[in-house]
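A short write-up of the structure that comes next.
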Amino acid sequence: ILFVSLLFMVVHVESLEVFLMAHSHIDQGWLSTVNEYRSDVYTILDAVTRELQKNGERKFVWGEVLYFKDWFEMQPESIKKIMRHLIETKRFEICHGGYIENDYANPSYTSVVNQMTLGYEYLKDRFGITPRFAWDIDPFGYGGRIASLYAQMGIDALVINRVHWKIKQQMKNAKGLEFIWEIGNHQIFTNVLHTHYSAPKGFDFENGGVPHISSHNLGQRANVLVSELRNRANHYQTDHILVPFGDDFKFKRASTQYDNMDQLITYINKNIPDVHIRYATVGEYFDSLRKNHPKVSYPVVKHDFLPYADNEDSYWTGHFSTLPNLKRIIRKGEAQLNSVERLTTYTKLAMSTNDKLRSMFGKEIISSLNENLVNIRQNVAVVQHHDSITGTCRKHVANDYTSRMQQAIGRSKNLSKKMIKLIMDKDMSSSTVLSPIEDKVITQNLKTTLVIHNPVAHSKTQLIKLKSETSDVKVTDEQGHAVKIQVVPRIFEEQNGYIKAISDSVVGFDVYLLVTVRGLSLQSLTIESGSSKLFEKNAFELFASKKKMAAVKEGYENTVSIKNSVYEVAVSSTTGYIMHVIHKYSGVKHPYPHMFTEYHTQNSGSYIFRPRDSPSQIQNSVNYIYKISGELFDQIISNTDRLTSVITLLKHSSISESILLELQLATIPGNTEMLLNLGLKNGNKPSTLMTFDGLNFMKRKISNDQPEAGRFYPAPAGAMLRSDTYSLTLINDHTMGVTSKGSDQLNAMIHRRLNRDDGRGMAQGNQDDSPLITNLILTYEDLSKSTSKDIINDFVQYHSLSHGLNFPFQCYMSDEKANFRSSFTLFNDNALPKDLAVTSFDALDTVGNQYVLRLHNLNPSISRTIDLNTLFSLPLMKVQRKTLNLAWNFGKKELQGFKKRDGSVVFEFTKQMMQSNSDSQNTGEMGVFLSDEAMEKANAGRHLLSLETFSYTIAPSDIASFIISFSEEEAPTLIETGGTAVTKDDKFEDDSATIVSGDDDEEFLRLLHQPARSQRPPTKKEETFKFEPDIDSIIDRSKVPKRPNKNILDDSSINTIGKIPDLGFDLYGKSSVNILHTFRVYLFVLVICVSVAGCLWLILMKPNLTAQYIDMTDSGMLDINGLSDKSKIV
C-alpha cells in the first residue's frame, strides 16, 4: 500500500493554472517626448477597447494614469460608458494607479508619494476604484524605501522585474520568485517576473517573423507554449503562474494579438487537461493565489535589489549620476511645488474667514489655483518616471523634461508672489509688485520690502543672498531692529585702501542675511540702500591670483584656512582643493589626499557604468583663491581651470556644525566620469558605507569581490561613512552614485559625459556638455563617546539638514516699500517635536474645507504621539487618518492572506536597514476594509471611529497621512512676531510628545473618500464598486524588441551569460504533452488495479506478517542476532 501511495504521488501532477495578462508597457517619455508618444498610446487604447467588446473572455491590464486620463476625457460619452463597464466588470484593470511608473533609485520619497496620490485620486474620483497592486516592471533595480511606501499606502502586493541576473537565477533555483519583502516596520508580498514583461518568445504576434496561428500549426505552437509555461512553473511554489502577454507600446494591432491567442487558449484548454490557461488581470491572479493556496508559506527578504546588472560587466549604476542638471532642476521643481501648496493652504484659510478678502480676490485666486496647481503637480509627477529622472532618455526628451520643470517653477513663483501679497499686504488694493530675489537687484538709494517663506515645519536659520549695486545696505525688521548682514564684493580692485566694484554697470556685491524664520510662516523685512561702493579691505584677501585685479597677499604658506567654533578647513594654494578638515571637538585632522578624480572610459553609457581602470587625479591649475571673513561666515572661493569650489563656515551657533560646499563645474571632457572624494581619518580600521534615501540609512556592502561598477549605490539624499570612532556625512541636493574606495574615503560621482551608447535602447550617447552647480553639506562626528541616543539624534539632524537643503526659503522682493504685515503663521512649530517633519500641508481641493497633512517620524527607533490640535492656531473640526496615498482609512492590514515562512530569510545579503524593528509598529491593529457602499450592503453593524480626539501615534520612520478640516466659526489667529522672526536656538524638547512603546491598537474603518485635486469635468453619476481586499500584483517583461539589450533575461541574453539548464517537461518532442498525459492516465488505471488486487490478497490469504522488535546496539547498528527468523528482516 505504501508503494502504491508513493507511486501515485509521483505520477500525479496538479493542473497548471496560467494567468495570461495582456498588457502594454507605456513609457512616459524615453525615445520620444511625452506628447510625441500620445498618438501611439491613444491608438492602443482605441484598439483594446474595440477588441474587448468582441469576446467576453478577453481582458487587459493598464498601468498608469497619465495617458489613460487624457484619452478618457476626450472620448464621446458612448466610449466612456463602455470603458466604465469594462472597469466595473474587471475586464480592464488599472493595476498600478500612479500618475506614472516612477524610478526606485533617484526620486525623493515625497515626490513618489505625491505622484501616486495624484493618480489614485483621479481613479477614485472618476471611477470609484482604488488599485490594490503596484506594477513596477521596468525600473532599473528596486530600492526598499519604495516598497515601504507602497505598504504604507495600503497596497497589497507588488510585481517587479529587473533584479540582478544572478539573484534572479538564485530565486528561480530556490522557488523564491514570490516572497515577503520586509523593510523596517513594513512588509509587502512581492512577485518577480520569471523572464521579462514581454510575451513568451515567439508569441508576440505584432512582431515581424512570428507566425500567426492557423489550423496547420495550432497543435505544434500550443505544445511549444505549454512547454515554456511548464518550464516557468518549475520555479514557483504553487501551480499558479502569472505570464505577461505584451511589451513596450504593444496592442496597436490588438485584433492580431487577441485573435491568435484566442485559438491557442481554446486548443490548450480542450486538449491538454492538466493545463488551464485564461486571460486574467493582476488582481485576479493574486486573489486566486491567496484563495487556493492559503497554507503556502513564503520566504522573507530584508534587503533591496540595488544595484541592477543584466550581465557580468553591465551594472546599471551610471544612471545614478547621469544628467545631474536634470536631476537638480527636478528637485527645485519639487521645492517650488511644496512651497506653493503651503501658500495655497494659508491663502484658503485666510480667505475662509475674511469676507472682504474673499469678495475682492476669491474668484481670481481660485481660478488661478485651479488652472496652475494641477499643471504644476502633473509636470512634477511626470519627471519622476524611470526614463526621466534617471537621465536615460534622448537629448530632445531630456530638454522637454527640463522645459516642463522650468514651466512648473515659473508657474509656482507666479502663484506664490500673488498669494504672498494677498496674505501679507495690509492695503489689499495696493499696486505693490513682488518678484523672486534672483530676478531683483538692490539699486542705489532704494527702499523696499523682502518677504521670506519658510516651507519647513520647524524654525530654520538660513543665509539669504541678495544682489546689489552698492555695499551700503541696511536691513531692519518691523520694529526697526537691524538685521545682521555681510557684504561680499563680486568684482573688485584696490583703491585707497579699499576694494570697490570695477564698473557702475556691473552688480558688484552680494549681500548676505542670516535670518531665522518660524516653521510654515512668512516674515517681512525692510531693505534700504545708499550709494557707496566701498568695502573694508581687512575682510577680504586674495591669494594665488593670475589676474591683476588686486594685490596678492604675501607671506602665506601653502594653505589657506578658514575656521569657526567647530571646524577648520585648509585649502591648498597649489591645487585649490581641500587638504584637510580639523574637527575641533575631537581635535582630529581628516585628510583629503585627492579631492577630485575622474574615470576615463570608452564603454560607459547613460545606463551603465563600465570603468576601464582606476580613477586618476585631475590635473589643472589655480586661477585665484579668495578668502572672505566676516561676522556671519568665513568663506574660501577657489577657482581652477575645471571648477570653482565655494567653502563656507557659518558662525551662528545653531548652524555652525556643518560645512557648506558649493561646486561649480565647467564642461567636462568627453568619456569622463568625475568623482568627489571626501576624507575620513580612520587608521585603516573597518568602516561602513550607508546611503541615505530620505527615509532611512541603508548599510551597503563594499567588497573587493564585486566589480568596481557594482560597488556604487544611489544616494537620493546623502551618504555616510562610519567607523567605530568617527563618521563623515554628505547631504546632497540631488541623487548621486556613491561608493567607498577604502575605509577612509567617501566617493560621489558628480558628473558624467559619455560619447557612446551602451546598447540599452537609446542608440545615443548622453553627450552632456552642460556645466553644473551643486550644493552639498558635510558633517563630521566623534563617535568614541557617543551613546545610542546621540546616534539617533544625529540621524534626526541629518534628516533636518536634508529638508533644509532641499526645501530652502522662498524669498520675494517688492518694487518699493510695501505696507506688509511683519509675519504670518497659522502653525505652532513649538508644539512639533524635532523628530517630526511636515511633508505635506496642502489643500485637498481648491474649494472645500479639507487639507492634507502628512507627518514623518524621523526617529528610527521611537514612536511619537502628537495631538494635532496643538499644531494650529485654528481649531480642528474633523480629522481622518488615511493611508499614505489617501486611498484608505488608516489600519489596513499588510500581508492579507500570505504567510511568512517561519525563521526563513532568503537572499539576505549584508544590506540592512538602519532602523530598529521595535515593538511599536502597527502590527496589532485590526480593521474592516470595505467601501462605504459595501459596508452599507453588508449591514455589518460596525461603526466609524470617533474622531473627537486628535491624538495619534506614528511608528518609527513612518509617515502618517491625515485629511483635516478646520472650524470656520473662528477667524484664524495670525501670529505676528517682531524682530527677525524667532532668533532663539531651538532645543530638543519632549514636552509636546509622548514616547510610546506599545502598538496603536485603535480599530479603523477604511472609507473610499472623494478627493478633487485632478482637473476633470464633473460626472453625472459617481461610479462605485465593491472592494474585495486582497494582495497586489505585477507583470514580467521578457524581451523588448524596441529595447534589444535593455531586457536581460530573455533567451538571447542568457546565451551571453551562461545557458540556464532546461528543467521543463518537454522531453519527447512536439507531441510530448499529449503522449505524457496519455501515459499518466494508463499508469493511474494500473495503480488502481494493483491496489485493489493487493487489498484482496491481504483479506483472503491472511499472510503471517508478525513483526518483531529489533534492539539497537551501542554503536547504533541493528542487533539481528536475537531474531528467531532472520528471513523476516525487511
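Here's how to read the names in the C-alpha cells: chain A, B, ... by the order shown, residue numbers from 1 in each chain, ligand numbers from 1 in the order shown.
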Please identify all polymer residues within 9 Å of Ser521 of chain A, counting only C-alpha atoms, omitting same-chain residues fewer than 6 positions from it, and present them as a PyMOL selection string. chain A and resi 452-457+823-827
Those same residues, written as a PDB file, in the first residue's frame with N, CA and C atoms?
```pdb
ATOM      1  N   ILE A 452       9.964  86.538   3.233  1.00  0.00           N
ATOM      2  CA  ILE A 452      10.609  85.224   3.289  1.00  0.00           C
ATOM      3  C   ILE A 452       9.568  84.189   3.711  1.00  0.00           C
ATOM      4  N   HIS A 453       9.486  83.108   2.961  1.00  0.00           N
ATOM      5  CA  HIS A 453       8.596  81.989   3.314  1.00  0.00           C
ATOM      6  C   HIS A 453       9.439  80.784   3.707  1.00  0.00           C
ATOM      7  N   ASN A 454       9.212  80.292   4.908  1.00  0.00           N
ATOM      8  CA  ASN A 454       9.853  79.059   5.364  1.00  0.00           C
ATOM      9  C   ASN A 454       8.862  77.915   5.174  1.00  0.00           C
ATOM     10  N   PRO A 455       9.068  77.034   4.174  1.00  0.00           N
ATOM     11  CA  PRO A 455       8.113  75.955   3.919  1.00  0.00           C
ATOM     12  C   PRO A 455       8.318  74.734   4.810  1.00  0.00           C
ATOM     13  N   VAL A 456       9.377  74.758   5.621  1.00  0.00           N
ATOM     14  CA  VAL A 456       9.669  73.649   6.530  1.00  0.00           C
ATOM     15  C   VAL A 456       8.950  73.905   7.852  1.00  0.00           C
ATOM     16  N   ALA A 457       8.559  72.839   8.545  1.00  0.00           N
ATOM     17  CA  ALA A 457       7.687  72.980   9.718  1.00  0.00           C
ATOM     18  C   ALA A 457       8.423  73.407  10.978  1.00  0.00           C
ATOM     19  N   SER A 823       4.741  89.450   9.999  1.00  0.00           N
ATOM     20  CA  SER A 823       4.840  87.994   9.856  1.00  0.00           C
ATOM     21  C   SER A 823       3.439  87.410   9.785  1.00  0.00           C
ATOM     22  N   PHE A 824       3.380  86.168   9.367  1.00  0.00           N
ATOM     23  CA  PHE A 824       2.102  85.461   9.283  1.00  0.00           C
ATOM     24  C   PHE A 824       2.365  83.982   9.519  1.00  0.00           C
ATOM     25  N   THR A 825       1.567  83.367  10.375  1.00  0.00           N
ATOM     26  CA  THR A 825       1.620  81.923  10.524  1.00  0.00           C
ATOM     27  C   THR A 825       0.321  81.440  11.138  1.00  0.00           C
ATOM     28  N   LEU A 826      -0.072  80.252  10.755  1.00  0.00           N
ATOM     29  CA  LEU A 826      -1.190  79.548  11.378  1.00  0.00           C
ATOM     30  C   LEU A 826      -0.700  78.313  12.116  1.00  0.00           C
ATOM     31  N   PHE A 827       0.626  78.164  12.177  1.00  0.00           N
ATOM     32  CA  PHE A 827       1.220  76.916  12.659  1.00  0.00           C
ATOM     33  C   PHE A 827       2.037  77.181  13.909  1.00  0.00           C
TER      34      PHE A 827
END
```
List every residue of segment 702-771 of chain A that DSSP, applied to the backbone of this structure, places in helix (DSSP H, G or I), and write the result as number ranges by chain. A: 708-711
Pick out each residue of segment 816-885 of chain A that DSSP on the backbone tags as strand (DSSP E); I need them as a PyMOL selection string. chain A and resi 823-825+836-843+851-857+863-867+876-882
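Closest approach to His856 of chain A from the set A:Leu149, A:Val1090, A:Leu415, A:Ile964 is made by A:Leu149, with distances taken over only C-alpha atoms.
Minimum distance to Leu643 of chain A across A:Ile268, A:Met690, A:Leu665, A:Ile866 (counting only C-alpha atoms) occurs at A:Leu665.
One distance worth recording is that between atom CA of Ala960 of chain A and atom CA of Ile94 of chain A, which is 25.7 Å.
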Counting only C-alpha atoms, which residue out of A:Val159, A:Ile954, A:Met698, A:Ile792 sits closest to Ile183 of chain A? A:Met698
Go through A:Lys900, A:Ile618, A:Asn370, A:Asn869 one by one, measure the shortest atom-to-atom distance of each to Pro299 of chain A using only C-alpha atoms, and give the residue with the smallest value.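 Among A:Lys900, A:Ile618, A:Asn370, A:Asn869, it is A:Lys900 that comes nearest to Pro299 of chain A.
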Using only C-alpha atoms, which residues sit within 12 Å of Gln263 of chain A once same-chain residues fewer than 2 positions away are excluded, as a PyMOL selection string? chain A and resi 212-215+217-219+221-222+256-261+265-270+277-278
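Comparing A:Tyr780, A:Phe795, A:Phe19, A:Phe92 by their smallest distance to Ile659 of chain A, the closest is A:Tyr780 (using only C-alpha atoms).
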Closest-contact table, segment 120-221 of chain A side, partner segment 303-326 of chain A, 10 Å, counting only C-alpha atoms, as a Markdown table:
```
| residue | atom | partner | partner_atom | distance |
| --- | --- | --- | --- | --- |
| A:Pro139 | CA | A:Tyr308 | CA | 9.6 |
| A:Phe140 | CA | A:Tyr308 | CA | 6.2 |
| A:Gly141 | CA | A:Tyr308 | CA | 4.9 |
| A:Tyr142 | CA | A:Phe305 | CA | 4.8 |
| A:Gly143 | CA | A:Asp304 | CA | 5.2 |
| A:Gly144 | CA | A:Asp304 | CA | 4.9 |
| A:Arg145 | CA | A:Asp304 | CA | 8.5 |
| A:Ile146 | CA | A:Asp304 | CA | 9.9 |
| A:Ala147 | CA | A:Asp304 | CA | 9.1 |
| A:Arg162 | CA | A:Tyr308 | CA | 7.0 |
| A:Val163 | CA | A:Tyr308 | CA | 5.6 |
| A:His164 | CA | A:Tyr308 | CA | 4.7 |
| A:Trp165 | CA | A:Asp310 | CA | 5.4 |
| A:Lys166 | CA | A:Asn311 | CA | 8.3 |
| A:Ile167 | CA | A:Phe305 | CA | 8.8 |
| A:Trp181 | CA | A:His303 | CA | 8.1 |
| A:Glu182 | CA | A:His303 | CA | 7.9 |
| A:Ile183 | CA | A:His303 | CA | 7.4 |
```
What's the 10 Å shell around Arg84 of chain A, counting only C-alpha atoms, without same-chain residues fewer than 5 positions away, as number ranges by chain? A: 72, 79, 89-90, 92, 126-127, 1023
Counting only C-alpha atoms, which residue out of A:Pro615, A:Asp427, A:Phe820, A:Lys584 sits closest to Asp477 of chain A? A:Phe820
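One finds atom CA of Val282 of chain A at 16.3 Å from atom CA of Thr238 of chain A.
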Using only C-alpha atoms, what does the table of segment 699-771 of chain A residues within 12 Å of segment 387-403 of chain A look like, with each row giving the shortest atom pair and its distance in Å to one decimal, sorted by chain and ascending number, as a Markdown table?
```
| residue | atom | partner | partner_atom | distance |
| --- | --- | --- | --- | --- |
| A:Pro714 | CA | A:Thr390 | CA | 10.8 |
| A:Pro716 | CA | A:Ile389 | CA | 11.3 |
| A:His734 | CA | A:Ile389 | CA | 10.1 |
| A:Thr735 | CA | A:Thr390 | CA | 9.3 |
| A:Met736 | CA | A:Thr390 | CA | 10.5 |
| A:Gly737 | CA | A:Thr390 | CA | 11.4 |
| A:His751 | CA | A:Gly391 | CA | 11.8 |
| A:Arg752 | CA | A:Gly391 | CA | 10.8 |
| A:Arg753 | CA | A:Gly391 | CA | 11.7 |
| A:Asp757 | CA | A:Thr392 | CA | 10.6 |
| A:Asp758 | CA | A:Thr392 | CA | 10.6 |
| A:Gly759 | CA | A:Thr392 | CA | 11.7 |
| A:Arg760 | CA | A:Thr392 | CA | 9.4 |
| A:Gly761 | CA | A:Cys393 | CA | 9.4 |
| A:Met762 | CA | A:Arg394 | CA | 6.4 |
| A:Ala763 | CA | A:Arg394 | CA | 8.4 |
| A:Gln764 | CA | A:Arg394 | CA | 6.7 |
| A:Gly765 | CA | A:Arg394 | CA | 8.3 |
| A:Asn766 | CA | A:Lys395 | CA | 7.0 |
| A:Gln767 | CA | A:Lys395 | CA | 8.3 |
| A:Asp768 | CA | A:Lys395 | CA | 8.7 |
| A:Asp769 | CA | A:Lys395 | CA | 11.3 |
| A:Ser770 | CA | A:Asn399 | CA | 12.0 |
```
